[in-house]
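K.L.:
Below you'll find final24.csv; it's CSV, C-alpha atoms and all ligand atoms.
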```
chain,number,residue,atom,x,y,z
A,1377,MET,CA,6.1,-16.0,16.6
A,1378,LEU,CA,4.9,-12.6,15.6
A,1379,ARG,CA,1.7,-14.1,14.2
A,1380,ALA,CA,0.8,-15.6,17.6
A,1381,ARG,CA,-0.2,-12.0,18.7
A,1382,TYR,CA,-2.7,-11.8,15.9
A,1383,GLY,CA,-5.7,-13.7,14.7
A,1384,ARG,CA,-6.1,-16.2,11.9
A,1385,THR,CA,-4.3,-16.1,8.6
A,1386,VAL,CA,-6.1,-13.9,6.1
A,1387,ILE,CA,-3.4,-13.5,3.4
A,1388,GLU,CA,-1.3,-16.4,2.1
A,1389,ALA,CA,1.1,-16.7,-0.7
A,1390,ARG,CA,2.5,-20.1,-1.3
A,1391,GLU,CA,5.4,-20.4,-3.7
A,1392,LEU,CA,3.8,-17.5,-5.7
A,1393,ALA,CA,5.5,-16.9,-9.1
A,1394,LYS,CA,4.5,-14.5,-11.8
A,1395,HIS,CA,6.4,-14.4,-15.0
A,1396,TYR,CA,5.9,-12.0,-17.8
A,1397,ARG,CA,6.7,-13.0,-21.4
A,1398,VAL,CA,8.0,-9.8,-23.0
A,1399,HIS,CA,8.9,-9.1,-26.6
A,1400,ARG,CA,12.6,-8.1,-26.9
A,1401,ARG,CA,13.8,-5.9,-29.7
A,1402,GLN,CA,17.2,-4.4,-30.3
A,1403,PRO,CA,17.2,-0.7,-31.1
A,1404,GLY,CA,17.5,0.4,-34.8
A,1405,LEU,CA,15.5,0.0,-38.0
A,1406,ARG,CA,17.1,-3.3,-39.0
A,1407,ALA,CA,16.2,-4.8,-35.7
A,1408,ALA,CA,12.7,-3.4,-36.0
A,1409,LEU,CA,12.3,-5.1,-39.4
A,1410,ARG,CA,13.8,-8.4,-38.2
A,1411,SER,CA,11.5,-8.4,-35.2
A,1412,PHE,CA,8.6,-8.0,-37.6
A,1413,VAL,CA,9.2,-11.5,-39.1
A,1414,ARG,CA,10.8,-13.2,-36.1
A,1415,ARG,CA,9.8,-12.0,-32.7
A,1416,GLU,CA,12.1,-12.8,-29.8
A,1417,HIS,CA,10.7,-13.2,-26.3
A,1418,VAL,CA,12.3,-13.2,-22.9
A,1419,THR,CA,10.7,-14.2,-19.6
A,1420,VAL,CA,10.8,-11.7,-16.8
A,1421,ARG,CA,10.5,-13.4,-13.4
A,1422,ALA,CA,8.7,-10.5,-11.6
A,1423,VAL,CA,7.9,-12.7,-8.6
A,1424,ASP,CA,9.7,-15.9,-8.1
A,1425,ARG,CA,8.3,-18.5,-5.6
A,1426,VAL,CA,7.5,-16.1,-2.8
A,1427,SER,CA,5.8,-17.5,0.4
A,1428,PHE,CA,4.4,-15.6,3.4
A,1429,THR,CA,1.3,-15.4,5.5
A,1430,ILE,CA,-0.3,-12.4,7.1
A,1431,ALA,CA,-2.7,-12.6,10.1
A,1432,GLU,CA,-5.9,-10.7,10.7
A,1433,GLY,CA,-5.2,-7.2,11.9
A,1434,GLU,CA,-1.5,-7.1,11.0
A,1435,VAL,CA,0.0,-4.1,9.2
A,1436,VAL,CA,2.9,-5.3,7.1
A,1437,GLY,CA,5.3,-3.1,5.2
A,1438,PHE,CA,6.3,-4.5,1.8
A,1439,LEU,CA,9.7,-3.1,0.8
A,1440,GLY,CA,11.9,-3.5,-2.2
A,1441,PRO,CA,13.8,-1.4,-4.8
A,1442,ASN,CA,12.2,-0.4,-8.1
A,1443,GLY,CA,11.1,-3.4,-10.2
A,1444,ALA,CA,11.4,-5.8,-7.2
A,1445,GLY,CA,8.0,-7.3,-7.7
A,1446,LYS,CA,5.9,-5.6,-5.1
A,1447,THR,CA,3.1,-4.3,-7.4
A,1448,THR,CA,3.0,-7.6,-9.2
A,1449,THR,CA,2.5,-9.4,-5.9
A,1450,LEU,CA,-0.3,-7.0,-4.8
A,1451,LYS,CA,-2.0,-7.5,-8.2
A,1452,CYS,CA,-1.9,-11.3,-7.7
A,1453,LEU,CA,-3.3,-10.9,-4.1
A,1454,THR,CA,-6.1,-8.7,-5.4
A,1455,GLY,CA,-6.9,-11.0,-8.3
A,1456,LEU,CA,-5.9,-8.5,-11.1
A,1457,LEU,CA,-3.3,-11.1,-12.2
A,1458,HIS,CA,-3.3,-14.8,-12.4
A,1459,PRO,CA,-0.2,-16.4,-10.8
A,1460,THR,CA,2.0,-18.3,-13.2
A,1461,THR,CA,2.6,-20.9,-10.6
A,1462,GLY,CA,2.0,-21.3,-6.9
A,1463,ALA,CA,-1.1,-20.2,-5.0
A,1464,VAL,CA,-2.6,-17.2,-3.2
A,1465,ARG,CA,-5.5,-17.2,-0.8
A,1466,VAL,CA,-7.0,-14.0,0.7
A,1467,LEU,CA,-9.9,-14.3,3.2
A,1468,GLY,CA,-10.3,-17.9,2.1
A,1469,HIS,CA,-10.8,-16.9,-1.5
A,1470,THR,CA,-8.7,-17.5,-4.6
A,1471,PRO,CA,-8.3,-13.8,-5.7
A,1472,HIS,CA,-8.2,-14.2,-9.5
A,1473,ARG,CA,-11.7,-15.7,-9.5
A,1474,ARG,CA,-12.8,-12.1,-8.5
A,1475,GLU,CA,-15.9,-13.4,-6.6
A,1476,PRO,CA,-18.2,-10.5,-5.5
A,1477,GLU,CA,-18.0,-11.7,-1.8
A,1478,PHE,CA,-14.2,-11.4,-2.1
A,1479,LEU,CA,-14.2,-8.0,-3.8
A,1480,ARG,CA,-16.6,-6.6,-1.2
A,1481,ARG,CA,-14.0,-7.4,1.5
A,1482,ILE,CA,-10.8,-6.0,0.0
A,1483,SER,CA,-9.5,-2.8,-1.4
A,1484,LEU,CA,-6.5,-1.9,-3.5
A,1485,VAL,CA,-5.3,1.7,-3.4
A,1486,MET,CA,-2.6,2.7,-5.8
A,1487,GLY,CA,-1.0,6.1,-5.2
A,1488,GLN,CA,-0.4,6.7,-8.8
A,1489,ARG,CA,-3.8,5.7,-10.1
A,1490,ASN,CA,-7.1,7.5,-9.9
A,1491,SER,CA,-10.1,5.4,-9.3
A,1492,LEU,CA,-12.8,8.0,-8.4
A,1493,PHE,CA,-14.9,9.5,-11.2
A,1494,TRP,CA,-12.8,12.5,-12.4
A,1495,ASP,CA,-15.6,14.7,-13.5
A,1496,LEU,CA,-17.9,14.3,-10.5
A,1497,PRO,CA,-17.8,16.1,-7.2
A,1498,ALA,CA,-16.2,13.9,-4.6
A,1499,ALA,CA,-19.6,13.3,-2.8
A,1500,ASP,CA,-21.1,12.0,-6.1
A,1501,ALA,CA,-18.0,9.9,-6.8
A,1502,PHE,CA,-18.5,8.3,-3.4
A,1503,GLU,CA,-22.2,7.6,-4.4
A,1504,VAL,CA,-20.9,5.7,-7.5
A,1505,ASN,CA,-18.8,3.5,-5.2
A,1506,ARG,CA,-21.8,3.0,-2.9
A,1507,ALA,CA,-23.7,1.7,-5.9
A,1508,ILE,CA,-20.8,-0.5,-7.2
A,1509,TYR,CA,-20.4,-2.2,-3.8
A,1510,GLY,CA,-24.1,-2.3,-3.1
A,1511,ILE,CA,-23.6,-0.6,0.3
A,1512,ALA,CA,-26.9,-0.3,2.3
A,1513,PRO,CA,-27.9,3.3,3.2
A,1514,GLY,CA,-27.2,3.0,7.0
A,1515,PRO,CA,-23.7,1.5,6.8
A,1516,TYR,CA,-22.9,3.9,4.0
A,1517,ARG,CA,-23.9,7.0,6.0
A,1518,SER,CA,-21.9,5.9,9.0
A,1519,ALA,CA,-18.8,4.9,7.0
A,1520,LEU,CA,-19.0,8.2,5.1
A,1521,GLU,CA,-19.4,10.3,8.3
A,1522,GLU,CA,-16.4,8.5,9.9
A,1523,LEU,CA,-14.2,8.9,6.8
A,1524,VAL,CA,-15.2,12.6,6.3
A,1525,ASP,CA,-14.3,13.2,9.9
A,1526,LEU,CA,-11.0,11.2,10.0
A,1527,LEU,CA,-9.8,12.5,6.6
A,1528,ASP,CA,-11.1,16.1,7.0
A,1529,LEU,CA,-13.1,15.9,3.7
A,1530,GLU,CA,-15.9,18.3,4.5
A,1531,PRO,CA,-14.4,21.2,2.4
A,1532,LEU,CA,-13.7,18.8,-0.5
A,1533,LEU,CA,-17.0,17.0,-0.9
A,1534,HIS,CA,-18.5,19.4,-3.5
A,1535,LYS,CA,-15.4,19.9,-5.5
A,1536,GLN,CA,-14.8,18.0,-8.7
A,1537,VAL,CA,-12.2,15.3,-8.2
A,1538,ARG,CA,-10.2,16.7,-11.2
A,1539,VAL,CA,-9.6,20.0,-9.4
A,1540,LEU,CA,-8.4,18.5,-6.2
A,1541,SER,CA,-4.7,18.8,-5.3
A,1542,LEU,CA,-2.7,15.6,-5.1
A,1543,GLY,CA,-3.0,15.4,-1.3
A,1544,GLU,CA,-6.7,16.2,-1.3
A,1545,ARG,CA,-7.3,13.6,-4.1
A,1546,MET,CA,-5.4,11.0,-2.2
A,1547,ARG,CA,-7.5,11.5,0.9
A,1548,CYS,CA,-10.7,11.2,-1.2
A,1549,GLU,CA,-9.2,8.0,-2.9
A,1550,LEU,CA,-8.7,6.5,0.6
A,1551,ALA,CA,-12.3,7.3,1.6
A,1552,GLY,CA,-13.7,5.9,-1.7
A,1553,ALA,CA,-11.7,2.7,-1.2
A,1554,LEU,CA,-12.9,2.3,2.4
A,1555,LEU,CA,-16.6,3.1,2.1
A,1556,HIS,CA,-17.4,-0.6,2.0
A,1557,ARG,CA,-15.3,-1.2,5.1
A,1558,PRO,CA,-12.9,-3.7,3.6
A,1559,ASP,CA,-11.3,-6.2,6.0
A,1560,VAL,CA,-8.1,-6.3,3.9
A,1561,LEU,CA,-6.5,-3.2,2.5
A,1562,PHE,CA,-3.7,-3.3,-0.1
A,1563,LEU,CA,-1.9,0.0,-0.4
A,1564,ASP,CA,0.6,0.6,-3.2
A,1565,GLU,CA,2.6,3.8,-2.5
A,1566,PRO,CA,-0.3,5.7,-0.8
A,1567,THR,CA,1.8,8.7,0.0
A,1568,LEU,CA,3.5,9.0,-3.4
A,1569,GLY,CA,4.2,12.7,-4.2
A,1570,LEU,CA,2.6,14.0,-1.0
A,1571,ASP,CA,4.2,16.8,1.0
A,1572,VAL,CA,5.2,16.1,4.6
A,1573,ASN,CA,1.7,17.2,6.0
A,1574,GLY,CA,-0.1,15.1,3.4
A,1575,GLN,CA,2.0,12.0,4.3
A,1576,ALA,CA,1.4,12.6,8.0
A,1577,ALA,CA,-2.4,12.9,7.4
A,1578,VAL,CA,-2.5,9.6,5.5
A,1579,ARG,CA,-0.3,7.8,8.1
A,1580,THR,CA,-2.4,8.9,11.0
A,1581,PHE,CA,-5.6,8.0,9.2
A,1582,LEU,CA,-4.3,4.5,8.3
A,1583,ARG,CA,-3.2,3.9,11.9
A,1584,ASP,CA,-6.6,5.0,13.2
A,1585,TYR,CA,-8.5,2.9,10.7
A,1586,ASN,CA,-6.5,-0.2,11.6
A,1587,THR,CA,-7.1,0.3,15.3
A,1588,ARG,CA,-10.8,1.0,14.9
A,1589,HIS,CA,-11.6,-1.8,12.5
A,1590,GLY,CA,-8.8,-4.3,13.0
A,1591,ALA,CA,-8.3,-4.2,9.2
A,1592,THR,CA,-5.3,-6.2,7.8
A,1593,VAL,CA,-3.0,-3.9,5.8
A,1594,LEU,CA,-0.2,-4.7,3.3
A,1595,LEU,CA,1.6,-1.5,2.3
A,1596,THR,CA,4.3,-0.7,-0.1
A,1597,SER,CA,6.1,2.6,0.1
A,1598,HIS,CA,9.4,4.1,-0.8
A,1599,TYR,CA,9.0,6.5,2.2
A,1600,MET,CA,10.4,4.6,5.1
A,1601,GLY,CA,8.5,7.1,7.4
A,1602,ASP,CA,5.3,5.3,6.3
A,1603,VAL,CA,6.6,1.9,7.1
A,1604,THR,CA,8.2,2.9,10.5
A,1605,ALA,CA,5.0,4.7,11.5
A,1606,LEU,CA,2.6,1.9,10.6
A,1607,ALA,CA,4.3,-1.5,10.4
A,1608,ARG,CA,6.1,-3.6,12.9
A,1609,ARG,CA,6.7,-6.4,10.4
A,1610,VAL,CA,8.2,-6.0,7.0
A,1611,LEU,CA,8.6,-8.2,4.0
A,1612,VAL,CA,11.6,-7.4,1.8
A,1613,ILE,CA,11.6,-8.5,-1.8
A,1614,ASP,CA,14.3,-8.1,-4.4
A,1615,HIS,CA,14.4,-9.4,-7.9
A,1616,GLY,CA,11.2,-11.2,-7.3
A,1617,THR,CA,12.6,-13.1,-4.3
A,1618,LEU,CA,11.7,-12.7,-0.6
A,1619,ARG,CA,14.8,-11.6,1.3
A,1620,PHE,CA,13.4,-11.0,4.7
A,1621,ASP,CA,10.2,-11.5,6.7
A,1622,GLY,CA,10.1,-10.4,10.3
A,1623,ASP,CA,10.2,-7.5,12.7
A,1624,LEU,CA,11.5,-4.2,11.4
A,1625,ALA,CA,13.6,-4.0,14.6
A,1626,ALA,CA,15.2,-7.3,13.8
A,1627,LEU,CA,16.0,-6.2,10.3
A,1628,VAL,CA,17.6,-3.1,11.6
A,1629,GLU,CA,19.7,-5.1,14.0
A,1630,ALA,CA,20.7,-7.7,11.5
A,1631,HIS,CA,21.8,-5.2,8.8
A,1632,SER,CA,23.2,-2.3,10.8
A,1633,PRO,CA,26.5,-3.3,12.4
A,1634,HIS,CA,26.8,0.3,13.7
A,1635,ARG,CA,24.8,2.6,16.0
A,1636,LEU,CA,25.1,6.3,16.1
A,1637,VAL,CA,26.2,8.0,19.3
A,1638,ARG,CA,25.5,11.7,19.3
A,1639,VAL,CA,27.5,13.6,21.9
A,1640,THR,CA,26.9,17.2,22.9
A,1641,LEU,CA,30.0,18.7,24.5
A,1642,ARG,CA,30.3,21.6,26.9
A,1643,GLU,CA,33.5,22.7,25.2
A,1644,THR,CA,35.3,21.7,22.0
A,1645,VAL,CA,37.9,18.9,22.2
A,1646,PRO,CA,40.8,18.2,19.8
A,1647,ALA,CA,39.9,16.0,16.7
A,1648,GLU,CA,42.3,13.2,17.8
A,1649,THR,CA,40.1,12.6,20.9
A,1650,TRP,CA,37.8,10.5,18.7
A,1651,ALA,CA,40.5,8.1,17.5
A,1652,GLY,CA,39.7,4.6,18.8
A,1653,LEU,CA,36.2,5.6,19.9
A,1654,GLY,CA,34.4,5.3,16.6
A,1655,GLU,CA,34.1,6.8,13.2
A,1656,VAL,CA,33.2,10.5,13.2
A,1657,SER,CA,30.2,10.8,10.9
A,1658,SER,CA,29.5,14.5,11.5
A,1659,ILE,CA,30.6,17.4,13.6
A,1660,ASP,CA,28.2,20.3,14.1
A,1661,GLY,CA,29.7,22.8,16.5
A,1662,ALA,CA,29.6,21.1,19.9
A,1663,VAL,CA,27.6,18.1,18.6
A,1664,VAL,CA,29.6,15.2,17.4
A,1665,THR,CA,28.1,12.0,15.9
A,1666,LEU,CA,30.1,8.8,16.0
A,1667,ALA,CA,29.3,5.6,14.3
A,1668,VAL,CA,30.3,2.8,16.7
A,1669,PRO,CA,30.1,-1.0,16.5
A,1670,ARG,CA,26.7,-2.1,17.8
A,1671,ALA,CA,28.2,-4.4,20.4
A,1672,GLU,CA,30.4,-1.7,21.9
A,1673,THR,CA,27.8,1.1,22.1
A,1674,ALA,CA,27.3,1.0,25.8
A,1675,ALA,CA,31.0,0.7,26.7
A,1676,ILE,CA,31.9,3.6,24.4
A,1677,ALA,CA,29.1,5.8,25.7
A,1678,ALA,CA,30.3,5.2,29.2
A,1679,ARG,CA,33.9,6.0,28.2
A,1680,LEU,CA,32.7,9.3,26.6
A,1681,LEU,CA,30.8,10.2,29.8
A,1682,THR,CA,33.7,9.6,32.1
A,1683,THR,CA,36.6,11.1,30.0
A,1684,LEU,CA,35.0,14.1,28.2
A,1685,PRO,CA,33.1,17.3,29.1
A,1686,VAL,CA,29.8,15.8,28.0
A,1687,GLU,CA,26.5,17.6,28.4
A,1688,ASP,CA,24.3,15.0,26.7
A,1689,VAL,CA,24.6,11.6,24.9
A,1690,ALA,CA,22.0,10.1,22.6
A,1691,ILE,CA,22.2,6.7,21.0
A,1692,GLU,CA,20.2,5.8,17.9
A,1693,ASP,CA,20.1,3.5,14.9
A,1694,PRO,CA,21.1,4.8,11.5
A,1695,PRO,CA,18.2,5.9,9.3
A,1696,VAL,CA,16.1,2.9,8.1
A,1697,GLU,CA,16.6,4.1,4.5
A,1698,GLU,CA,20.3,3.4,4.9
A,1699,ILE,CA,19.7,0.0,6.5
A,1700,ILE,CA,17.4,-1.0,3.7
A,1701,ARG,CA,20.0,0.1,1.1
A,1702,ASN,CA,22.5,-2.2,2.9
A,1703,VAL,CA,20.0,-5.1,2.7
A,1704,PHE,CA,19.6,-4.6,-1.0
A,1705,ALA,CA,23.3,-4.1,-1.5
A,1706,HIS,CA,24.0,-7.5,0.0
A,1707,ALA,CA,21.0,-9.2,-1.6
B,1801,LIG,N1,2.9,-6.1,-17.6
B,1801,LIG,C1,4.2,-6.3,-17.5
B,1801,LIG,N2,4.8,-6.9,-18.6
B,1801,LIG,C2,6.1,-7.2,-18.5
B,1801,LIG,N3,6.9,-7.0,-17.5
B,1801,LIG,C3,6.4,-6.4,-16.4
B,1801,LIG,C4,5.0,-6.0,-16.4
B,1801,LIG,N4,4.7,-5.5,-15.2
B,1801,LIG,C5,5.8,-5.5,-14.5
B,1801,LIG,N5,6.8,-6.0,-15.2
B,1801,LIG,C6,8.2,-6.2,-14.8
B,1801,LIG,O1,8.2,-7.0,-13.6
B,1801,LIG,C7,9.2,-6.6,-12.7
B,1801,LIG,C8,8.5,-6.3,-11.3
B,1801,LIG,O2,7.7,-5.1,-11.5
B,1801,LIG,P1,6.8,-4.5,-10.3
B,1801,LIG,O3,5.9,-3.4,-10.9
B,1801,LIG,O4,6.0,-5.7,-9.7
B,1801,LIG,O5,7.9,-4.0,-9.3
B,1801,LIG,P2,7.7,-3.0,-8.1
B,1801,LIG,O6,8.5,-3.7,-7.0
B,1801,LIG,O7,6.3,-2.7,-7.8
B,1801,LIG,O8,8.5,-1.7,-8.6
B,1801,LIG,P3,8.3,-0.2,-8.2
B,1801,LIG,O9,8.8,0.0,-6.8
B,1801,LIG,O10,9.2,0.5,-9.2
B,1801,LIG,O11,6.9,0.1,-8.4
B,1801,LIG,C9,9.9,-5.4,-13.3
B,1801,LIG,O12,11.1,-5.9,-13.9
B,1801,LIG,C10,8.9,-4.9,-14.3
B,1801,LIG,O13,9.6,-4.3,-15.4
```
So that I can check it, write out the structure of this file as structure tokens.
Ligand SMILES: Nc1ncnc2c1ncn2[C@@H]1O[C@H](COP(=O)(O)OP(=O)(O)OP(=O)(O)O)[C@@H](O)[C@H]1O
P.N.:
Amino acid sequence: MLRARYGRTVIEARELAKHYRVHRRQPGLRAALRSFVRREHVTVRAVDRVSFTIAEGEVVGFLGPNGAGKTTTLKCLTGLLHPTTGAVRVLGHTPHRREPEFLRRISLVMGQRNSLFWDLPAADAFEVNRAIYGIAPGPYRSALEELVDLLDLEPLLHKQVRVLSLGERMRCELAGALLHRPDVLFLDEPTLGLDVNGQAAVRTFLRDYNTRHGATVLLTSHYMGDVTALARRVLVIDHGTLRFDGDLAALVEAHSPHRLVRVTLRETVPAETWAGLGEVSSIDGAVVTLAVPRAETAAIAARLLTTLPVEDVAIEDPPVEEIIRNVFAHA
């Protein structure tokens, strides 16, 4: 249903599986010697028969706890890994063939990896990317101008990449990854380790970039702020298996049986007042927050307004982090 609002399918994973065969060794010297003559292997099912499609222009959040299989999926979609079974198609290409026409239309940005030349000033590192992607001078100049402007890079262009702060480097990494104006952008933890301002700058930039160019974005992040700011749709993966694919709002509704009603009172009331209304989750002076069953929210808010000295009532969902924790807990 969601896809009807967007264009054609540009990313497709069909029963995608990626298994790693890893050497297993018990700790200790004896085990080390034994493993020397007889190696034991185990299979890690990092991604296990995952299927989804993403349409042109969509921004999709890819969520899951540590080790869920997100990076492995992104590596299969960008062709860095060959699927064990199943198939992936991106922009009509089979990614692991790494065809130049495919590579010129995608980008993978990994928050924890540096891809720009470390010893060069940022401006020269961008030149290297221009040469790698064979970008013509005109499009290069206009892409660079736009990225310098959107990411506020002017003061950084002549600094060596190695001396940039993490936030500055990340902004340069994004510029370097987008100079060739990819149609599909894979982002793996793009705000990792950034402070609040750095995170906000990256989010604003990504939103603008998506709006301007209609780029398709698949984004993993442990910061729910990134996902709520950018993506309407989320894929949730755990232990290599897809647990949810749909609107973030639907995920919130399905996995959060409670809503939070925040009441600001004109005067304090006895603690027993709240019995039967909801579970008190915090009291901060005149502001009381109750967790109430989702279906009863409106009725309880009305009761509060008619029976108590209420100055203000606000209703909200619990933090998305908490909801995602619930999803994983029940997975
Ligand atoms: N090269 C590898 N060899 C063996 N096992 C691997 C390899 N890469 C990843 N794994 C394992 O595959 C599983 C999925 O890892 P992956 O990096 O895809 O998870 P992730 O969801 O990106 O996690 P995180 O949020 O911690 O980055 C994990 O159990 C991991 O240990």
K.L.:
Please provide as an MDAnalysis selection string all residues within 12 Å of A:Leu1582, with the sequence filter that same-chain residues fewer than 3 positions apart are discarded (counting only C-alpha atoms).
P.N.:
chainID A and resid 1435 1523 1526:1527 1547 1550:1551 1554 1561:1563 1566:1567 1575:1579 1585:1595 1602:1603 1605:1607
K.L.:
Show which residues sit within 7 Å of A:Arg1480, as a PyMOL selection string. Count all atoms listed in the file, and ignore same-chain residues fewer than 3 positions away.
P.N.:
chain A and resi 1476-1477+1509+1556+1558
K.L.:
Show me the residues close to (13.3, -7.6, 10.6) - anything with an atom within 12 Å, counting all atoms listed in the file - and format the list as a ChimeraX atom specification.
P.N.:
/A:1378,1436-1439,1604,1607-1612,1619-1632,1696,1699-1700,1703
K.L.:
Would you output that residue set with C-alpha atoms, as a PDB file, in the coordinates of the input?
P.N.:
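selection.pdb was written with the following content:
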```pdb
ATOM      1  CA  LEU A1378       4.900 -12.600  15.600  1.00  0.00           C
ATOM      2  CA  VAL A1436       2.900  -5.300   7.100  1.00  0.00           C
ATOM      3  CA  GLY A1437       5.300  -3.100   5.200  1.00  0.00           C
ATOM      4  CA  PHE A1438       6.300  -4.500   1.800  1.00  0.00           C
ATOM      5  CA  LEU A1439       9.700  -3.100   0.800  1.00  0.00           C
ATOM      6  CA  THR A1604       8.200   2.900  10.500  1.00  0.00           C
ATOM      7  CA  ALA A1607       4.300  -1.500  10.400  1.00  0.00           C
ATOM      8  CA  ARG A1608       6.100  -3.600  12.900  1.00  0.00           C
ATOM      9  CA  ARG A1609       6.700  -6.400  10.400  1.00  0.00           C
ATOM     10  CA  VAL A1610       8.200  -6.000   7.000  1.00  0.00           C
ATOM     11  CA  LEU A1611       8.600  -8.200   4.000  1.00  0.00           C
ATOM     12  CA  VAL A1612      11.600  -7.400   1.800  1.00  0.00           C
ATOM     13  CA  ARG A1619      14.800 -11.600   1.300  1.00  0.00           C
ATOM     14  CA  PHE A1620      13.400 -11.000   4.700  1.00  0.00           C
ATOM     15  CA  ASP A1621      10.200 -11.500   6.700  1.00  0.00           C
ATOM     16  CA  GLY A1622      10.100 -10.400  10.300  1.00  0.00           C
ATOM     17  CA  ASP A1623      10.200  -7.500  12.700  1.00  0.00           C
ATOM     18  CA  LEU A1624      11.500  -4.200  11.400  1.00  0.00           C
ATOM     19  CA  ALA A1625      13.600  -4.000  14.600  1.00  0.00           C
ATOM     20  CA  ALA A1626      15.200  -7.300  13.800  1.00  0.00           C
ATOM     21  CA  LEU A1627      16.000  -6.200  10.300  1.00  0.00           C
ATOM     22  CA  VAL A1628      17.600  -3.100  11.600  1.00  0.00           C
ATOM     23  CA  GLU A1629      19.700  -5.100  14.000  1.00  0.00           C
ATOM     24  CA  ALA A1630      20.700  -7.700  11.500  1.00  0.00           C
ATOM     25  CA  HIS A1631      21.800  -5.200   8.800  1.00  0.00           C
ATOM     26  CA  SER A1632      23.200  -2.300  10.800  1.00  0.00           C
ATOM     27  CA  VAL A1696      16.100   2.900   8.100  1.00  0.00           C
ATOM     28  CA  ILE A1699      19.700   0.000   6.500  1.00  0.00           C
ATOM     29  CA  ILE A1700      17.400  -1.000   3.700  1.00  0.00           C
ATOM     30  CA  VAL A1703      20.000  -5.100   2.700  1.00  0.00           C
TER      31      VAL A1703
END
```
K.L.:
Per residue of chain A within 12 Å of ligand LIG 1801 (chain B), what are the shortest atom pair and its distance in Å to one decimal, counting only C-alpha atoms and all ligand atoms, with rows by chain and residue number, as a tab-separated table?
P.N.:
```
residue	atom	partner	partner_atom	distance
A:Ala1393	CA	B:LIG1801	O1	11.2
A:Lys1394	CA	B:LIG1801	O1	8.6
A:His1395	CA	B:LIG1801	O1	7.7
A:Tyr1396	CA	B:LIG1801	C2	4.9
A:Arg1397	CA	B:LIG1801	C2	6.5
A:Val1398	CA	B:LIG1801	C2	5.5
A:His1399	CA	B:LIG1801	C2	8.8
A:Arg1400	CA	B:LIG1801	C2	10.7
A:His1417	CA	B:LIG1801	C2	10.9
A:Val1418	CA	B:LIG1801	C2	9.7
A:Thr1419	CA	B:LIG1801	N3	8.4
A:Val1420	CA	B:LIG1801	N3	6.1
A:Arg1421	CA	B:LIG1801	O1	6.8
A:Ala1422	CA	B:LIG1801	O1	4.1
A:Val1423	CA	B:LIG1801	C8	7.0
A:Asp1424	CA	B:LIG1801	C8	10.2
A:Phe1438	CA	B:LIG1801	O6	9.1
A:Leu1439	CA	B:LIG1801	O6	7.9
A:Gly1440	CA	B:LIG1801	O6	5.9
A:Pro1441	CA	B:LIG1801	O9	5.6
A:Asn1442	CA	B:LIG1801	O10	3.3
A:Gly1443	CA	B:LIG1801	O5	3.4
A:Ala1444	CA	B:LIG1801	O6	3.6
A:Gly1445	CA	B:LIG1801	O4	3.2
A:Lys1446	CA	B:LIG1801	O6	3.7
A:Thr1447	CA	B:LIG1801	O7	3.6
A:Thr1448	CA	B:LIG1801	O4	3.6
A:Thr1449	CA	B:LIG1801	O4	6.4
A:Leu1450	CA	B:LIG1801	O4	8.1
A:Lys1451	CA	B:LIG1801	O4	8.3
A:Cys1452	CA	B:LIG1801	O4	9.9
A:Leu1456	CA	B:LIG1801	N1	11.2
A:Leu1457	CA	B:LIG1801	N1	9.6
A:His1458	CA	B:LIG1801	N1	11.9
A:Met1486	CA	B:LIG1801	O11	10.2
A:Gly1487	CA	B:LIG1801	O11	10.4
A:Gln1488	CA	B:LIG1801	O11	9.8
A:Leu1563	CA	B:LIG1801	O7	11.4
A:Asp1564	CA	B:LIG1801	O7	8.0
A:Glu1565	CA	B:LIG1801	O11	8.2
A:Pro1566	CA	B:LIG1801	O11	11.9
A:Leu1568	CA	B:LIG1801	O11	10.8
A:Leu1595	CA	B:LIG1801	O7	11.2
A:Thr1596	CA	B:LIG1801	O9	8.1
A:Ser1597	CA	B:LIG1801	O9	7.9
A:His1598	CA	B:LIG1801	O9	7.3
A:Tyr1599	CA	B:LIG1801	O9	11.1
A:Leu1611	CA	B:LIG1801	O6	11.9
A:Val1612	CA	B:LIG1801	O6	10.0
A:Ile1613	CA	B:LIG1801	O6	7.7
A:Asp1614	CA	B:LIG1801	O6	7.7
A:His1615	CA	B:LIG1801	C8	7.5
A:Gly1616	CA	B:LIG1801	C8	6.9
A:Thr1617	CA	B:LIG1801	C8	10.6
A:Leu1618	CA	B:LIG1801	O6	11.5
```
K.L.:
For A:Glu1687, find every residue with an atom within 8 Å (counting all atoms listed in the file), except residues of its own chain fewer than 3 positions away, and show them as a PDB file with C-alpha atoms, keeping the file's coordinate frame.
P.N.:
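So the final result, stored in out_22.pdb, reads:
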```pdb
ATOM      1  CA  VAL A1639      27.500  13.600  21.900  1.00  0.00           C
ATOM      2  CA  THR A1640      26.900  17.200  22.900  1.00  0.00           C
ATOM      3  CA  LEU A1641      30.000  18.700  24.500  1.00  0.00           C
ATOM      4  CA  ARG A1642      30.300  21.600  26.900  1.00  0.00           C
TER       5      ARG A1642
END
```
K.L.:
Under the rule that only C-alpha atoms are counted, which of A:Val1637, A:Ala1651, A:Val1668, A:Leu1570 is the nearest residue to A:Ala1690?
P.N.:
A:Val1637
K.L.:
Which distance in Å separates atom CA of A:Ile1430 and atom CA of A:Val1466, to one decimal?
P.N.:
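Those two atoms sit 9.4 Å apart.
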K.L.:
When distances are computed from only C-alpha atoms, which of A:Glu1530, A:Asp1559, A:Asp1584, A:Asp1571 shows the smallest separation from A:Glu1432?
P.N.:
A:Asp1559
K.L.:
Just to confirm, what's the straight-line distance from atom CA of A:Glu1416 to atom CA of A:Gly1462 in Å (one decimal)?
P.N.:
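Interatomic distance, atom CA of A:Glu1416 to atom CA of A:Gly1462: 26.4 Å.
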